[in-house]
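Have a look at data-v1.csv; it's CSV, C-alpha atoms:
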chain,number,residue,atom,x,y,z
N,1,MET,CA,-38.3,-5.8,54.9
N,2,THR,CA,-36.8,-2.4,54.1
N,3,GLY,CA,-33.5,-1.8,52.5
N,4,THR,CA,-32.1,-0.5,55.8
N,5,GLU,CA,-33.1,-3.7,57.6
N,6,GLU,CA,-31.4,-5.7,54.8
N,7,GLU,CA,-28.2,-3.8,55.2
N,8,GLU,CA,-28.2,-4.4,59.0
N,9,GLN,CA,-28.4,-8.2,58.6
N,10,PRO,CA,-25.1,-9.9,59.6
N,11,ASP,CA,-23.2,-11.7,56.8
N,12,ASP,CA,-23.0,-15.4,57.2
N,13,HIS,CA,-19.6,-15.4,55.4
N,14,ALA,CA,-17.2,-12.5,55.4
N,15,VAL,CA,-16.4,-11.3,51.8
N,16,PRO,CA,-12.6,-11.2,51.4
N,17,ALA,CA,-10.8,-8.2,49.9
N,18,PRO,CA,-9.9,-8.7,46.2
N,19,PRO,CA,-6.4,-10.1,45.8
N,20,HIS,CA,-3.7,-8.1,44.0
N,21,PRO,CA,-3.8,-8.8,40.3
N,22,THR,CA,-0.1,-9.8,40.0
N,23,ARG,CA,1.5,-10.0,43.5
N,24,ARG,CA,1.1,-12.7,46.1
N,25,ARG,CA,1.8,-12.4,49.9
N,26,ARG,CA,3.6,-15.8,49.7
N,27,PRO,CA,5.4,-16.7,46.5
N,28,LEU,CA,4.5,-19.9,44.6
N,29,PRO,CA,7.1,-22.6,44.6
N,30,ASP,CA,8.2,-21.9,41.0
N,31,GLN,CA,8.8,-18.2,41.7
N,32,GLU,CA,12.0,-18.9,43.5
N,33,PRO,CA,14.9,-21.2,42.5
N,34,SER,CA,14.6,-24.7,43.9
N,35,ALA,CA,17.4,-26.3,45.9
N,36,ALA,CA,18.6,-28.1,42.8
N,37,ALA,CA,18.6,-24.9,40.8
N,38,GLN,CA,20.8,-23.3,43.4
N,39,LYS,CA,23.3,-26.0,43.1
N,40,VAL,CA,23.7,-25.6,39.3
N,41,PRO,CA,22.7,-22.0,38.5
N,42,GLU,CA,24.6,-22.0,35.2
N,43,THR,CA,22.1,-24.7,33.9
N,44,ILE,CA,19.2,-22.5,34.7
N,45,GLN,CA,20.8,-19.6,32.9
N,46,ARG,CA,21.3,-21.7,29.8
N,47,ILE,CA,17.7,-22.7,29.9
N,48,LEU,CA,16.5,-19.1,30.2
N,49,ALA,CA,18.7,-18.1,27.3
N,50,SER,CA,17.7,-21.0,25.1
N,51,PRO,CA,15.5,-20.1,22.0
N,52,SER,CA,13.1,-22.8,23.0
N,53,TYR,CA,12.3,-20.9,26.1
N,54,ARG,CA,11.2,-17.8,24.3
N,55,GLU,CA,7.4,-17.2,23.9
N,56,ALA,CA,6.5,-18.0,20.3
N,57,ASP,CA,5.4,-14.4,19.4
N,58,GLU,CA,8.7,-13.1,20.7
N,59,ASP,CA,10.9,-15.6,18.9
N,60,LEU,CA,11.8,-13.9,15.6
N,61,ASP,CA,13.9,-16.7,14.4
N,62,PHE,CA,11.0,-19.1,14.8
N,63,LEU,CA,8.6,-16.7,13.0
N,64,GLN,CA,10.9,-16.5,10.0
N,65,GLN,CA,10.9,-20.3,9.5
N,66,PRO,CA,9.1,-21.8,6.4
N,67,VAL,CA,6.7,-23.6,8.7
N,68,THR,CA,5.3,-20.3,10.0
N,69,ARG,CA,4.7,-18.7,6.6
N,70,GLY,CA,1.0,-18.9,7.1
N,71,VAL,CA,1.2,-17.0,10.3
N,72,ARG,CA,3.3,-14.3,8.6
N,73,LEU,CA,0.8,-14.0,5.8
N,74,GLN,CA,-2.0,-13.5,8.3
N,75,LEU,CA,-0.1,-10.9,10.3
N,76,GLU,CA,0.8,-9.0,7.1
N,77,TYR,CA,-2.9,-8.9,6.1
N,78,LEU,CA,-4.2,-8.0,9.6
N,79,LYS,CA,-1.8,-5.2,10.4
N,80,VAL,CA,-2.6,-3.1,7.3
N,81,GLU,CA,-6.3,-3.9,7.5
N,82,THR,CA,-6.5,-2.8,11.1
N,83,LEU,CA,-4.7,0.5,10.6
N,84,LEU,CA,-6.7,1.3,7.4
N,85,ARG,CA,-9.9,0.7,9.3
N,86,GLU,CA,-8.7,2.9,12.2
N,87,HIS,CA,-8.1,5.8,9.8
N,88,ARG,CA,-11.5,5.3,8.1
N,89,ILE,CA,-10.0,4.5,4.7
N,90,ALA,CA,-12.9,3.0,2.9
N,91,HIS,CA,-12.0,3.9,-0.7
N,92,THR,CA,-8.7,4.3,-2.5
N,93,ILE,CA,-7.7,5.6,-5.9
N,94,VAL,CA,-4.8,3.5,-6.8
N,95,VAL,CA,-2.0,5.1,-8.9
N,96,PHE,CA,0.7,3.1,-10.7
N,97,GLY,CA,3.5,4.3,-12.9
N,98,GLY,CA,7.2,4.2,-13.6
N,99,THR,CA,9.6,4.9,-10.9
N,100,ARG,CA,12.1,6.4,-13.4
N,101,ILE,CA,9.7,9.2,-14.5
N,102,ARG,CA,11.0,12.3,-12.8
N,103,GLU,CA,10.3,16.0,-12.4
N,104,ARG,CA,11.2,18.0,-15.5
N,105,VAL,CA,14.1,19.7,-13.8
N,106,ALA,CA,15.7,16.4,-12.8
N,107,ALA,CA,15.1,14.9,-16.3
N,108,GLU,CA,16.7,18.0,-17.9
N,109,ARG,CA,19.7,17.7,-15.6
N,110,GLU,CA,20.2,14.0,-16.5
N,111,LEU,CA,19.9,14.7,-20.2
N,112,LYS,CA,22.5,17.5,-19.9
N,113,GLU,CA,24.9,15.1,-18.2
N,114,ALA,CA,24.3,12.5,-20.9
N,115,ALA,CA,24.9,15.0,-23.7
N,116,GLN,CA,28.2,16.0,-22.1
N,117,ALA,CA,29.3,12.4,-21.8
N,118,LEU,CA,28.3,11.7,-25.4
N,119,ALA,CA,30.1,14.8,-26.6
N,120,ALA,CA,33.3,13.4,-25.1
N,121,GLU,CA,32.9,10.0,-26.7
N,122,PRO,CA,30.6,10.5,-29.7
N,123,ASP,CA,31.1,7.0,-31.1
N,124,ASN,CA,30.3,5.2,-27.9
N,125,PRO,CA,27.2,3.1,-28.5
N,126,LEU,CA,26.2,2.8,-24.9
N,127,LEU,CA,26.4,6.6,-24.4
N,128,LYS,CA,24.3,7.0,-27.5
N,129,GLN,CA,21.7,4.7,-26.1
N,130,HIS,CA,21.7,6.4,-22.7
N,131,HIS,CA,21.4,9.8,-24.4
N,132,ALA,CA,18.3,8.6,-26.3
N,133,ILE,CA,16.8,7.2,-23.2
N,134,CYS,CA,17.3,10.5,-21.3
N,135,GLN,CA,15.5,12.3,-24.2
N,136,ASN,CA,12.6,10.0,-23.8
N,137,LEU,CA,12.5,10.4,-20.0
N,138,LEU,CA,12.5,14.2,-20.5
N,139,ALA,CA,9.4,13.8,-22.7
N,140,THR,CA,7.6,11.6,-20.2
N,141,SER,CA,8.4,13.9,-17.3
N,142,LYS,CA,5.1,15.6,-18.2
N,143,TYR,CA,3.4,12.7,-16.5
N,144,TYR,CA,5.0,13.6,-13.2
N,145,ASP,CA,3.1,16.9,-13.3
N,146,VAL,CA,-0.2,15.1,-14.4
N,147,ALA,CA,0.1,12.7,-11.5
N,148,ARG,CA,0.9,15.4,-9.0
N,149,GLU,CA,-2.1,17.5,-10.0
N,150,PHE,CA,-4.4,14.4,-10.1
N,151,GLY,CA,-3.3,13.6,-6.5
N,152,ARG,CA,-4.2,17.1,-5.5
N,153,LEU,CA,-7.7,16.8,-7.1
N,154,VAL,CA,-8.4,13.6,-5.3
N,155,GLY,CA,-7.0,15.0,-2.0
N,156,CYS,CA,-9.3,18.0,-2.2
N,157,CYS,CA,-12.3,15.6,-2.3
N,158,GLY,CA,-11.1,13.0,0.2
N,159,ASP,CA,-13.6,13.8,2.9
N,160,ARG,CA,-16.6,13.9,0.5
N,161,ALA,CA,-16.6,10.1,-0.1
N,162,ARG,CA,-19.6,8.0,0.9
N,163,ASP,CA,-19.1,5.7,3.9
N,164,GLY,CA,-15.6,6.9,4.8
N,165,ARG,CA,-12.6,8.6,3.3
N,166,VAL,CA,-11.2,8.3,-0.2
N,167,VAL,CA,-7.4,8.6,-0.5
N,168,ILE,CA,-4.7,8.2,-3.1
N,169,MET,CA,-2.8,4.9,-2.7
N,170,THR,CA,0.4,4.1,-4.5
N,171,GLY,CA,3.3,1.7,-4.3
N,172,GLY,CA,5.1,4.2,-2.1
N,173,GLY,CA,8.1,4.6,-4.4
N,174,PRO,CA,9.6,7.4,-6.5
N,175,GLY,CA,8.5,8.7,-9.9
N,176,VAL,CA,4.8,8.7,-10.7
N,177,MET,CA,4.0,7.3,-7.3
N,178,GLU,CA,5.8,10.1,-5.5
N,179,ALA,CA,4.0,12.7,-7.7
N,180,ALA,CA,0.6,11.4,-6.8
N,181,ASN,CA,1.4,11.2,-3.1
N,182,ARG,CA,2.9,14.7,-3.4
N,183,GLY,CA,-0.2,16.2,-4.9
N,184,ALA,CA,-2.4,14.8,-2.1
N,185,HIS,CA,0.1,16.1,0.5
N,186,GLU,CA,0.1,19.6,-1.0
N,187,ALA,CA,-3.7,19.5,-0.8
N,188,GLY,CA,-3.4,18.8,3.0
N,189,ALA,CA,-4.9,15.3,2.5
N,190,HIS,CA,-3.9,11.9,3.7
N,191,SER,CA,-2.5,9.4,1.2
N,192,ALA,CA,-1.2,5.8,1.5
N,193,GLY,CA,1.8,4.0,0.2
N,194,LEU,CA,2.4,0.2,0.1
N,195,ASN,CA,6.1,-0.4,-0.1
N,196,ILE,CA,7.7,-3.8,-0.7
N,197,SER,CA,10.9,-5.3,0.8
N,198,LEU,CA,13.4,-6.0,-2.0
N,199,PRO,CA,17.0,-7.3,-2.0
N,200,HIS,CA,18.2,-3.8,-2.5
N,201,GLU,CA,17.4,-0.9,-0.1
N,202,GLN,CA,14.1,0.8,-0.8
N,203,TYR,CA,12.9,4.1,0.7
N,204,PRO,CA,9.3,5.4,0.8
N,205,ASN,CA,8.8,8.7,-0.8
N,206,PRO,CA,8.4,11.6,1.7
N,207,TYR,CA,4.9,12.6,0.8
N,208,ILE,CA,3.0,9.6,2.1
N,209,THR,CA,1.1,10.1,5.4
N,210,PRO,CA,3.5,8.4,7.9
N,211,GLU,CA,0.6,6.5,9.6
N,212,LEU,CA,-0.5,5.1,6.2
N,213,CYS,CA,2.9,3.9,4.9
N,214,PHE,CA,3.3,0.2,5.0
N,215,ARG,CA,6.0,-2.3,4.1
N,216,PHE,CA,5.2,-5.7,2.8
N,217,HIS,CA,7.3,-8.9,2.4
N,218,TYR,CA,4.8,-10.7,0.2
N,219,PHE,CA,3.8,-9.2,-3.2
N,220,ALA,CA,0.5,-11.2,-3.0
N,221,LEU,CA,-0.6,-9.5,0.2
N,222,ARG,CA,0.4,-6.1,-1.2
N,223,LYS,CA,-1.7,-6.7,-4.3
N,224,MET,CA,-4.6,-7.8,-2.2
N,225,HIS,CA,-4.6,-4.5,-0.3
N,226,PHE,CA,-4.3,-2.6,-3.5
N,227,ALA,CA,-7.4,-4.3,-4.8
N,228,MET,CA,-9.6,-4.5,-1.7
N,229,ARG,CA,-10.5,-0.8,-1.4
N,230,ALA,CA,-9.7,0.3,-5.0
N,231,ARG,CA,-12.4,2.5,-6.5
N,232,ALA,CA,-10.3,3.2,-9.5
N,233,LEU,CA,-7.0,2.2,-11.0
N,234,VAL,CA,-5.0,5.0,-12.7
N,235,VAL,CA,-2.1,3.7,-14.7
N,236,PHE,CA,0.7,6.0,-16.0
N,237,PRO,CA,3.5,4.9,-18.3
N,238,GLY,CA,5.7,2.4,-16.6
N,239,GLY,CA,7.6,-0.8,-16.9
N,240,PHE,CA,7.2,-4.5,-15.8
N,241,GLY,CA,5.9,-3.7,-12.3
N,242,THR,CA,3.3,-1.3,-13.8
N,243,MET,CA,2.2,-3.9,-16.4
N,244,ASP,CA,2.0,-6.5,-13.7
N,245,GLU,CA,-0.4,-4.5,-11.6
N,246,LEU,CA,-2.5,-3.4,-14.6
N,247,PHE,CA,-3.0,-6.8,-16.0
N,248,GLU,CA,-3.8,-8.2,-12.6
N,249,ILE,CA,-6.7,-5.8,-12.1
N,250,LEU,CA,-7.8,-6.3,-15.8
N,251,ALA,CA,-7.9,-10.1,-15.2
N,252,LEU,CA,-9.8,-9.8,-12.0
N,253,SER,CA,-12.3,-7.4,-13.6
N,254,GLN,CA,-12.7,-9.6,-16.7
N,255,THR,CA,-13.4,-12.7,-14.7
N,256,ARG,CA,-15.5,-10.7,-12.2
N,257,LYS,CA,-13.4,-12.1,-9.4
N,258,MET,CA,-13.6,-8.5,-8.3
N,259,ALA,CA,-16.4,-6.1,-9.2
N,260,PRO,CA,-15.1,-4.0,-12.2
N,261,VAL,CA,-13.7,-0.5,-11.3
N,262,PRO,CA,-12.7,2.3,-13.5
N,263,ILE,CA,-9.3,1.7,-15.2
N,264,VAL,CA,-7.7,4.7,-16.7
N,265,LEU,CA,-4.6,4.5,-18.9
N,266,VAL,CA,-2.8,7.9,-18.9
N,267,GLY,CA,-1.0,8.7,-22.2
N,268,GLU,CA,-2.7,7.0,-25.1
N,269,ASP,CA,0.3,7.1,-27.4
N,270,TYR,CA,2.4,5.3,-24.8
N,271,TRP,CA,-0.1,2.6,-24.1
N,272,ARG,CA,-1.0,1.9,-27.7
N,273,ARG,CA,2.7,1.2,-28.3
N,274,ALA,CA,3.1,-0.8,-25.1
N,275,PHE,CA,0.3,-3.2,-25.9
N,276,SER,CA,-2.6,-3.6,-28.3
N,277,PRO,CA,-6.0,-4.6,-26.8
N,278,GLU,CA,-7.5,-4.5,-30.3
N,279,PHE,CA,-5.0,-7.2,-31.4
N,280,PHE,CA,-6.2,-9.3,-28.5
N,281,VAL,CA,-9.8,-8.9,-29.6
N,282,GLU,CA,-8.9,-9.7,-33.3
N,283,GLN,CA,-7.1,-12.8,-32.2
N,284,GLY,CA,-10.1,-13.9,-30.2
N,285,VAL,CA,-8.1,-14.2,-26.9
N,286,VAL,CA,-10.4,-11.6,-25.2
N,287,ASP,CA,-14.0,-10.7,-26.0
N,288,PRO,CA,-14.9,-7.3,-27.5
N,289,GLU,CA,-16.6,-6.3,-24.2
N,290,ASP,CA,-13.3,-6.7,-22.4
N,291,ARG,CA,-12.0,-3.7,-24.3
N,292,GLU,CA,-14.6,-1.7,-22.4
N,293,LEU,CA,-12.8,-2.4,-19.1
N,294,PHE,CA,-10.6,0.7,-19.5
N,295,TRP,CA,-10.2,4.0,-21.3
N,296,TYR,CA,-7.5,6.5,-22.1
N,297,ALA,CA,-7.0,10.0,-20.6
N,298,GLU,CA,-4.4,12.7,-20.9
N,299,THR,CA,-5.1,15.4,-18.2
N,300,PRO,CA,-5.7,15.3,-14.5
N,301,GLU,CA,-9.2,16.7,-15.0
N,302,GLN,CA,-10.0,14.1,-17.6
N,303,ILE,CA,-8.9,11.3,-15.3
N,304,TRP,CA,-10.9,12.5,-12.2
N,305,HIS,CA,-14.0,13.6,-14.0
N,306,GLY,CA,-14.1,10.3,-16.0
N,307,ILE,CA,-13.9,8.3,-12.8
N,308,LEU,CA,-16.7,10.3,-11.2
N,309,ARG,CA,-18.8,10.0,-14.4
N,310,TRP,CA,-18.3,6.2,-14.4
N,311,TYR,CA,-19.8,6.0,-10.9
N,312,GLU,CA,-22.7,8.3,-11.8
N,313,LYS,CA,-23.5,6.0,-14.8
N,314,LYS,CA,-23.4,3.1,-12.4
N,315,GLY,CA,-26.0,4.9,-10.2
N,316,GLU,CA,-23.6,4.9,-7.2
N,317,PRO,CA,-21.9,8.4,-7.0
N,318,LEU,CA,-18.5,8.2,-5.4
N,319,LEU,CA,-18.8,11.5,-3.7
N,320,MET,CA,-21.5,13.2,-1.8
N,321,GLU,CA,-22.9,16.4,-3.2
N,322,GLN,CA,-21.6,19.6,-1.6
N,323,GLY,CA,-24.1,21.3,0.6
Output the file's structure as structure tokens, nothing else.
Amino acid sequence: MTGTEEEEQPDDHAVPAPPHPTRRRRPLPDQEPSAAAQKVPETIQRILASPSYREADEDLDFLQQPVTRGVRLQLEYLKVETLLREHRIAHTIVVFGGTRIRERVAAERELKEAAQALAAEPDNPLLKQHHAICQNLLATSKYYDVAREFGRLVGCCGDRARDGRVVIMTGGGPGVMEAANRGAHEAGAHSAGLNISLPHEQYPNPYITPELCFRFHYFALRKMHFAMRARALVVFPGGFGTMDELFEILALSQTRKMAPVPIVLVGEDYWRRAFSPEFFVEQGVVDPEDRELFWYAETPEQIWHGILRWYEKKGEPLLMEQG
């Protein structure tokens, strides 16, 4: 039988037209108020306005309860993971450092103000201390420039990474983090920032790529995202937060919970005063090989070339050769 003959055969059953995906010709019973509802409409309104009637994913009060913490943790992980994948961020160079380290011009201005205040009250011990701190901050302002240039170096190579893009990732705040994001921004490159919600107001620095700036509630999830794509950790002088992140990655690398990555401490003089790894080794609390988990560097070029050399020694070059 030919196709034409098949088409001419009458249908035993007429095929109905597809129904509208949302509308009906005749409403279902629950689409209109019942007779009882019409008698007490205020009760229906109270039900509709009740928190219990909200769909769970639209009930913010419910989502903030302790019992839904697991759901919030999962959402905080998934949102960032999804967006990083969408932007092809396969590798990150994570930069940590002090939020109080500023550009030289800002540090000079603060020192000048501190000197004027001290001149007015030369015997005030608090003003003396503040003046000394401002002198130290002026000295460490050089690291702002180092971080900024390092961010530019990485930004210029961002699209040469294997299996995706490599970007600078910071904690999203001011100081050293701002400088690293700024350098990448000035190179025309993307960079990421992982901010954290704190009791006081916190603002992201303006040099982060807007689509790659995230805010976390949980420190643990933030740390996870720092570690997951990290191809190097570059640590500038900083305080408790910087130390926390440094020692976390050191511990994960030491125990091989994560595959070791290059860890570069910028400013050897600062870090040798901040902590003594040699003392740890002498006391037997870490093994001599654990001292090899990091090294010191001073300049942007030393940091970046050292990272690239580390991967060459590993036999897994971070960047593709330029054609």
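With distances restricted to only C-alpha atoms, N:Tyr270 is the closest residue to N:Ala139 from N:Ser50, N:Tyr207, N:Tyr270, N:Ile44.
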If we count only C-alpha atoms, what is near N:Ser191 at a cut-off of 7 Å, once residues fewer than 4 positions away on the same chain are taken out, given as number ranges by chain?
-> N: 167-169, 181, 184, 208-209, 212
Within 12 Å of stretch 77-90 of chain N, which residues of stretch 198-313 of chain N show up? Give each one with its shortest atom-to-atom distance in Å (one decimal) and the two atoms involved, counting all atoms listed in the file, rows by chain then rising residue number, as a tab-separated table.
residue	atom	partner	partner_atom	distance
N:Thr209	CA	N:His87	CA	11.1
N:Pro210	CA	N:Leu83	CA	11.7
N:Glu211	CA	N:Leu83	CA	8.1
N:Leu212	CA	N:Leu84	CA	7.4
N:Cys213	CA	N:Val80	CA	9.2
N:Phe214	CA	N:Val80	CA	7.1
N:Arg215	CA	N:Val80	CA	9.2
N:Phe216	CA	N:Tyr77	CA	9.3
N:His217	CA	N:Tyr77	CA	10.9
N:Tyr218	CA	N:Tyr77	CA	9.9
N:Phe219	CA	N:Tyr77	CA	11.5
N:Ala220	CA	N:Tyr77	CA	10.0
N:Leu221	CA	N:Tyr77	CA	6.4
N:Arg222	CA	N:Tyr77	CA	8.5
N:Lys223	CA	N:Tyr77	CA	10.7
N:Met224	CA	N:Tyr77	CA	8.5
N:His225	CA	N:Tyr77	CA	8.0
N:Phe226	CA	N:Val80	CA	10.9
N:Ala227	CA	N:Ala90	CA	12.0
N:Met228	CA	N:Ala90	CA	9.4
N:Arg229	CA	N:Ala90	CA	6.2
N:Ala230	CA	N:Ala90	CA	8.9
N:Arg231	CA	N:Ala90	CA	9.4
Residues as selected, C-alpha atoms, written as a short mmCIF file (atom, residue, chain, number, x, y, z; two decimals), in the coordinates of the input, can you do that?
data_model
loop_
_atom_site.label_atom_id
_atom_site.label_comp_id
_atom_site.auth_asym_id
_atom_site.auth_seq_id
_atom_site.Cartn_x
_atom_site.Cartn_y
_atom_site.Cartn_z
CA THR N 209 1.10 10.10 5.40
CA PRO N 210 3.50 8.40 7.90
CA GLU N 211 0.60 6.50 9.60
CA LEU N 212 -0.50 5.10 6.20
CA CYS N 213 2.90 3.90 4.90
CA PHE N 214 3.30 0.20 5.00
CA ARG N 215 6.00 -2.30 4.10
CA PHE N 216 5.20 -5.70 2.80
CA HIS N 217 7.30 -8.90 2.40
CA TYR N 218 4.80 -10.70 0.20
CA PHE N 219 3.80 -9.20 -3.20
CA ALA N 220 0.50 -11.20 -3.00
CA LEU N 221 -0.60 -9.50 0.20
CA ARG N 222 0.40 -6.10 -1.20
CA LYS N 223 -1.70 -6.70 -4.30
CA MET N 224 -4.60 -7.80 -2.20
CA HIS N 225 -4.60 -4.50 -0.30
CA PHE N 226 -4.30 -2.60 -3.50
CA ALA N 227 -7.40 -4.30 -4.80
CA MET N 228 -9.60 -4.50 -1.70
CA ARG N 229 -10.50 -0.80 -1.40
CA ALA N 230 -9.70 0.30 -5.00
CA ARG N 231 -12.40 2.50 -6.50
#
Tell me which protein, DNA and RNA residues are within 8 Å of N:Ala115, counting all atoms listed in the file, leaving out same-chain ones fewer than 4 positions away, and put them as an MDAnalysis selection string.
-> chainID N and resid 111 119 131
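Separating atom CA of N:Val176 from atom CA of N:Ala132 is a distance of 20.6 Å.
Distance annotation: of N:Val71, N:Val94, N:Ala17, N:Cys134, the residue with the minimal separation from N:Ile249 is N:Val94; atom set is all atoms listed in the file.
Our summary of the geometry notes that atom CA of N:His185 is positioned 14.9 Å from atom CA of N:Val146.
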Show me as an MDAnalysis selection string the residues that reach within 10 Å of (2.4, 11.5, -4.6), counting all atoms listed in the file and using the file's own coordinates.
-> chainID N and resid 95 144 147:152 168:186 191:193 205:208
Mind listing whatever residues come within 12 Å of the point (-15.8, -4.6, -20.6)? Use only C-alpha atoms, file coordinates, and give them as a ChimeraX atom specification.
-> /N:250-256,259-263,277,281,286-295
Restrict the selected residues to C-alpha atoms and save them as a PDB file, keeping the file's coordinate frame.
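Written out: result.pdb:
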ATOM      1  CA  LEU N 250      -7.800  -6.300 -15.800  1.00  0.00           C
ATOM      2  CA  ALA N 251      -7.900 -10.100 -15.200  1.00  0.00           C
ATOM      3  CA  LEU N 252      -9.800  -9.800 -12.000  1.00  0.00           C
ATOM      4  CA  SER N 253     -12.300  -7.400 -13.600  1.00  0.00           C
ATOM      5  CA  GLN N 254     -12.700  -9.600 -16.700  1.00  0.00           C
ATOM      6  CA  THR N 255     -13.400 -12.700 -14.700  1.00  0.00           C
ATOM      7  CA  ARG N 256     -15.500 -10.700 -12.200  1.00  0.00           C
ATOM      8  CA  ALA N 259     -16.400  -6.100  -9.200  1.00  0.00           C
ATOM      9  CA  PRO N 260     -15.100  -4.000 -12.200  1.00  0.00           C
ATOM     10  CA  VAL N 261     -13.700  -0.500 -11.300  1.00  0.00           C
ATOM     11  CA  PRO N 262     -12.700   2.300 -13.500  1.00  0.00           C
ATOM     12  CA  ILE N 263      -9.300   1.700 -15.200  1.00  0.00           C
ATOM     13  CA  PRO N 277      -6.000  -4.600 -26.800  1.00  0.00           C
ATOM     14  CA  VAL N 281      -9.800  -8.900 -29.600  1.00  0.00           C
ATOM     15  CA  VAL N 286     -10.400 -11.600 -25.200  1.00  0.00           C
ATOM     16  CA  ASP N 287     -14.000 -10.700 -26.000  1.00  0.00           C
ATOM     17  CA  PRO N 288     -14.900  -7.300 -27.500  1.00  0.00           C
ATOM     18  CA  GLU N 289     -16.600  -6.300 -24.200  1.00  0.00           C
ATOM     19  CA  ASP N 290     -13.300  -6.700 -22.400  1.00  0.00           C
ATOM     20  CA  ARG N 291     -12.000  -3.700 -24.300  1.00  0.00           C
ATOM     21  CA  GLU N 292     -14.600  -1.700 -22.400  1.00  0.00           C
ATOM     22  CA  LEU N 293     -12.800  -2.400 -19.100  1.00  0.00           C
ATOM     23  CA  PHE N 294     -10.600   0.700 -19.500  1.00  0.00           C
ATOM     24  CA  TRP N 295     -10.200   4.000 -21.300  1.00  0.00           C
TER      25      TRP N 295
END
Just how far from atom CA of N:Gly97 is atom CA of N:Ala114, in Å to one decimal?
-> 23.7 Å
Contacts of N:Arg309 within 12 Å, all atoms listed in the file, excl. fewer than 5 positions in-chain, as an NGL selection string = :N and (232 or 262 or 301-304 or 314-319)
Please, can stretch 89-100 of chain N be completed to N, CA and C atoms and returned as a PDB file, keeping the file's coordinate frame?
ATOM      1  N   ILE N  89     -10.251   4.574   6.172  1.00  0.00           N
ATOM      2  CA  ILE N  89     -10.000   4.500   4.700  1.00  0.00           C
ATOM      3  C   ILE N  89     -10.880   3.482   4.105  1.00  0.00           C
ATOM      4  N   ALA N  90     -11.976   3.943   3.519  1.00  0.00           N
ATOM      5  CA  ALA N  90     -12.900   3.000   2.900  1.00  0.00           C
ATOM      6  C   ALA N  90     -12.712   2.883   1.410  1.00  0.00           C
ATOM      7  N   HIS N  91     -12.150   3.920   0.780  1.00  0.00           N
ATOM      8  CA  HIS N  91     -12.000   3.900  -0.700  1.00  0.00           C
ATOM      9  C   HIS N  91     -10.585   4.415  -1.024  1.00  0.00           C
ATOM     10  N   THR N  92      -9.997   3.820  -2.050  1.00  0.00           N
ATOM     11  CA  THR N  92      -8.700   4.300  -2.500  1.00  0.00           C
ATOM     12  C   THR N  92      -8.730   4.463  -4.036  1.00  0.00           C
ATOM     13  N   ILE N  93      -8.015   5.449  -4.491  1.00  0.00           N
ATOM     14  CA  ILE N  93      -7.700   5.600  -5.900  1.00  0.00           C
ATOM     15  C   ILE N  93      -6.294   5.201  -6.100  1.00  0.00           C
ATOM     16  N   VAL N  94      -6.097   4.057  -6.712  1.00  0.00           N
ATOM     17  CA  VAL N  94      -4.800   3.500  -6.800  1.00  0.00           C
ATOM     18  C   VAL N  94      -4.044   4.005  -8.030  1.00  0.00           C
ATOM     19  N   VAL N  95      -2.840   4.494  -7.832  1.00  0.00           N
ATOM     20  CA  VAL N  95      -2.000   5.100  -8.900  1.00  0.00           C
ATOM     21  C   VAL N  95      -0.774   4.260  -9.080  1.00  0.00           C
ATOM     22  N   PHE N  96      -0.559   3.801 -10.311  1.00  0.00           N
ATOM     23  CA  PHE N  96       0.700   3.100 -10.700  1.00  0.00           C
ATOM     24  C   PHE N  96       1.389   3.864 -11.765  1.00  0.00           C
ATOM     25  N   GLY N  97       2.686   3.636 -11.887  1.00  0.00           N
ATOM     26  CA  GLY N  97       3.500   4.300 -12.900  1.00  0.00           C
ATOM     27  C   GLY N  97       4.944   4.090 -12.701  1.00  0.00           C
ATOM     28  N   GLY N  98       5.729   4.490 -13.668  1.00  0.00           N
ATOM     29  CA  GLY N  98       7.200   4.200 -13.600  1.00  0.00           C
ATOM     30  C   GLY N  98       7.895   4.974 -12.531  1.00  0.00           C
ATOM     31  N   THR N  99       8.820   4.272 -11.889  1.00  0.00           N
ATOM     32  CA  THR N  99       9.600   4.900 -10.900  1.00  0.00           C
ATOM     33  C   THR N  99      10.716   5.794 -11.447  1.00  0.00           C
ATOM     34  N   ARG N 100      10.992   5.640 -12.747  1.00  0.00           N
ATOM     35  CA  ARG N 100      12.100   6.400 -13.400  1.00  0.00           C
ATOM     36  C   ARG N 100      11.550   7.723 -14.001  1.00  0.00           C
TER      37      ARG N 100
END
